[in-house]
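A.B. asks: Attaching a single structure in structure tokens format; questions to follow.
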Amino acid sequence: VMETFDNTRPLVAAMAVGCSKASLARIREIFKDSLDSEYSTPSLQSSNIAAHIYRMEAEWDAARLLTLQAAWMADNKKPNSREASIAKAKAGRICNEITLKCVELAASVGYNEDELLEKWARDSKILDIFEGTQQIQQLIVARRELGKTSSELK
């Protein structure tokens, strides 16, 4: 069963990365006049909205890279239980944070049911829970790091 999860968790992480990216692209579109497209303005000199968006983009990139690593390992038949759980935990958590923050930043536009930000925020919760909650992922990572079995570390 764990081998199946090791192959499917990177897929769920990839869905979360995609949902996050769509939200980031939409919020960038909404605030295009307020953002530095060259990233030449330091965060501390940026507006609060821009600073939030830049931080979310950095978190998104970290989740994307972890997901690529876990998927590459699965594709190449390398043991990836630890990496798959890390990628799934990071991507699921970040997806939820990003989509909810994008809805918040967009204010009344973000809460509108005709706006995809609202739908992505709802979708993000299942991507955080599906294939194992944050606590389950942390337990799996701890077992791999400590070399313990499921009966030794519950």
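Just so we're on the same page: first chain in the structure tokens is A, next is B, and so on; residues restart at 1 for each chain, and ligands are numbered from 1 in the order they show up.
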Identify, on the basis of only C-alpha atoms, every residue whose closest approach to region 93-97 of chain A does not exceed 8 Å; exclude the query and any residue fewer than 6 positions from it along the same chain; express the result as a short mmCIF file (atom, residue, chain, number, x, y, z; two decimals) with N, CA and C atoms, in the first residue's frame.
C.D. replies:
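result32.cif, freshly written:
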```cif
data_model
loop_
_atom_site.label_atom_id
_atom_site.label_comp_id
_atom_site.auth_asym_id
_atom_site.auth_seq_id
_atom_site.Cartn_x
_atom_site.Cartn_y
_atom_site.Cartn_z
N ALA A 16 -1.82 20.18 -6.34
CA ALA A 16 -1.78 21.32 -5.42
C ALA A 16 -0.89 22.43 -5.98
N VAL A 17 0.23 22.05 -6.57
CA VAL A 17 1.13 23.04 -7.18
C VAL A 17 0.42 23.76 -8.32
N CYS A 19 -2.91 24.16 -8.74
CA CYS A 19 -3.98 24.99 -8.18
C CYS A 19 -3.39 26.27 -7.60
N SER A 20 -2.25 26.14 -6.91
CA SER A 20 -1.57 27.31 -6.35
C SER A 20 -1.11 28.25 -7.44
N GLU A 59 7.21 30.33 -1.78
CA GLU A 59 6.71 29.08 -1.19
C GLU A 59 6.23 28.12 -2.29
N TRP A 60 5.57 28.68 -3.29
CA TRP A 60 5.10 27.85 -4.41
C TRP A 60 6.28 27.18 -5.11
N ALA A 63 7.57 24.24 -3.14
CA ALA A 63 6.67 23.09 -3.28
C ALA A 63 6.82 22.44 -4.65
N ALA A 121 -9.93 28.00 -3.82
CA ALA A 121 -9.77 28.00 -2.37
C ALA A 121 -10.51 26.81 -1.75
N SER A 124 -8.65 23.55 -2.68
CA SER A 124 -7.35 23.38 -2.04
C SER A 124 -7.44 22.55 -0.76
N LYS A 125 -8.55 22.59 -0.08
CA LYS A 125 -8.66 21.86 1.20
C LYS A 125 -8.57 20.37 0.97
N LEU A 127 -7.03 18.88 -1.41
CA LEU A 127 -5.66 18.55 -1.81
C LEU A 127 -4.73 18.49 -0.61
N ASP A 128 -5.07 19.18 0.46
CA ASP A 128 -4.29 19.12 1.69
C ASP A 128 -4.59 17.83 2.46
N GLN A 134 -1.52 16.34 7.02
CA GLN A 134 -0.20 16.84 7.38
C GLN A 134 0.43 15.96 8.47
#
```
A.B. asks: Here is a test: counting only C-alpha atoms, which residue of A:Ile136, A:Met15, A:Ile30, A:Thr8 is nearest to Ala107 (chain A)?
C.D. replies: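 Among the listed residues, the smallest separation from Ala107 (chain A) belongs to A:Ile30.
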A.B. asks: Check region 38-154 of chain A with DSSP on the backbone and list each residue it calls alpha helix (DSSP H), as a count of residues only.
C.D. replies: 85
A.B. asks: Using only C-alpha atoms, find the one residue out of A:Tyr111, A:Val103, A:Ser85, A:Asp123 that sits nearest to Arg144 (chain A).
C.D. replies: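 Among A:Tyr111, A:Val103, A:Ser85, A:Asp123, it is A:Ser85 that comes nearest to Arg144 (chain A).
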A.B. asks: Could you please determine the separation between CA of Gly92 (chain A) and CA of Tyr39 (chain A) in Å, to one decimal place?
C.D. replies: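 If I compute the distance from CA of Gly92 (chain A) to CA of Tyr39 (chain A), I get 26.0 Å.
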A.B. asks: Separation of CA of Leu117 (chain A) and CA of Gly18 (chain A), in Å?
C.D. replies: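 These atoms are spaced 12.9 Å apart.
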A.B. asks: Would you please work out which residue, of A:Glu3, A:Ala13, A:Phe130, A:Leu153, is nearest to Lys78 (chain A) when using only C-alpha atoms?
C.D. replies: A:Glu3
A.B. asks: For region 49-53 of chain A, list every protein, DNA or RNA residue within 10 Å, evaluated using only C-alpha atoms, and leave out those in the same chain fewer than 5 positions away; present the list as a list of chain:residue names.
C.D. replies: A:Leu24, A:Ile27, A:Arg28, A:Phe31, A:Lys32, A:Ser34, A:Leu35, A:Asp36, A:Tyr39, A:Thr41, A:Pro42, A:Ser43, A:Leu44, A:Ala58, A:Glu59, A:Ile98, A:Lys101, A:Cys102, A:Leu105, A:Ala106
A.B. asks: Record the distance separating CA of Arg122 (chain A) and CA of Glu104 (chain A), expressed in Å with one decimal.
C.D. replies: 13.1 Å
A.B. asks: Write out as an mmCIF file with C-alpha atoms, in the first residue's frame the residues lying within 9 Å of Gln69 (chain A), counting only C-alpha atoms and excluding same-chain residues fewer than 2 positions away.
C.D. replies:
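Produced file out20.cif, reproduced below:
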```cif
data_model
loop_
_atom_site.group_PDB
_atom_site.id
_atom_site.type_symbol
_atom_site.label_atom_id
_atom_site.label_comp_id
_atom_site.auth_asym_id
_atom_site.auth_seq_id
_atom_site.Cartn_x
_atom_site.Cartn_y
_atom_site.Cartn_z
ATOM 1 C CA PRO A 10 3.626 13.277 -5.972
ATOM 2 C CA ARG A 64 7.129 22.723 -7.038
ATOM 3 C CA LEU A 65 10.771 21.688 -6.692
ATOM 4 C CA LEU A 66 9.983 19.158 -3.944
ATOM 5 C CA THR A 67 7.213 17.731 -6.124
ATOM 6 C CA ALA A 71 8.032 12.496 -9.078
ATOM 7 C CA TRP A 72 11.459 12.035 -10.684
ATOM 8 C CA MET A 73 12.377 9.480 -8.040
ATOM 9 C CA ALA A 74 9.099 7.598 -8.582
ATOM 10 C CA ASN A 80 10.853 8.027 -2.461
ATOM 11 C CA GLU A 83 10.369 12.713 -0.519
ATOM 12 C CA ALA A 84 6.797 11.922 -1.600
ATOM 13 C CA ALA A 87 6.314 17.078 -1.275
#
```
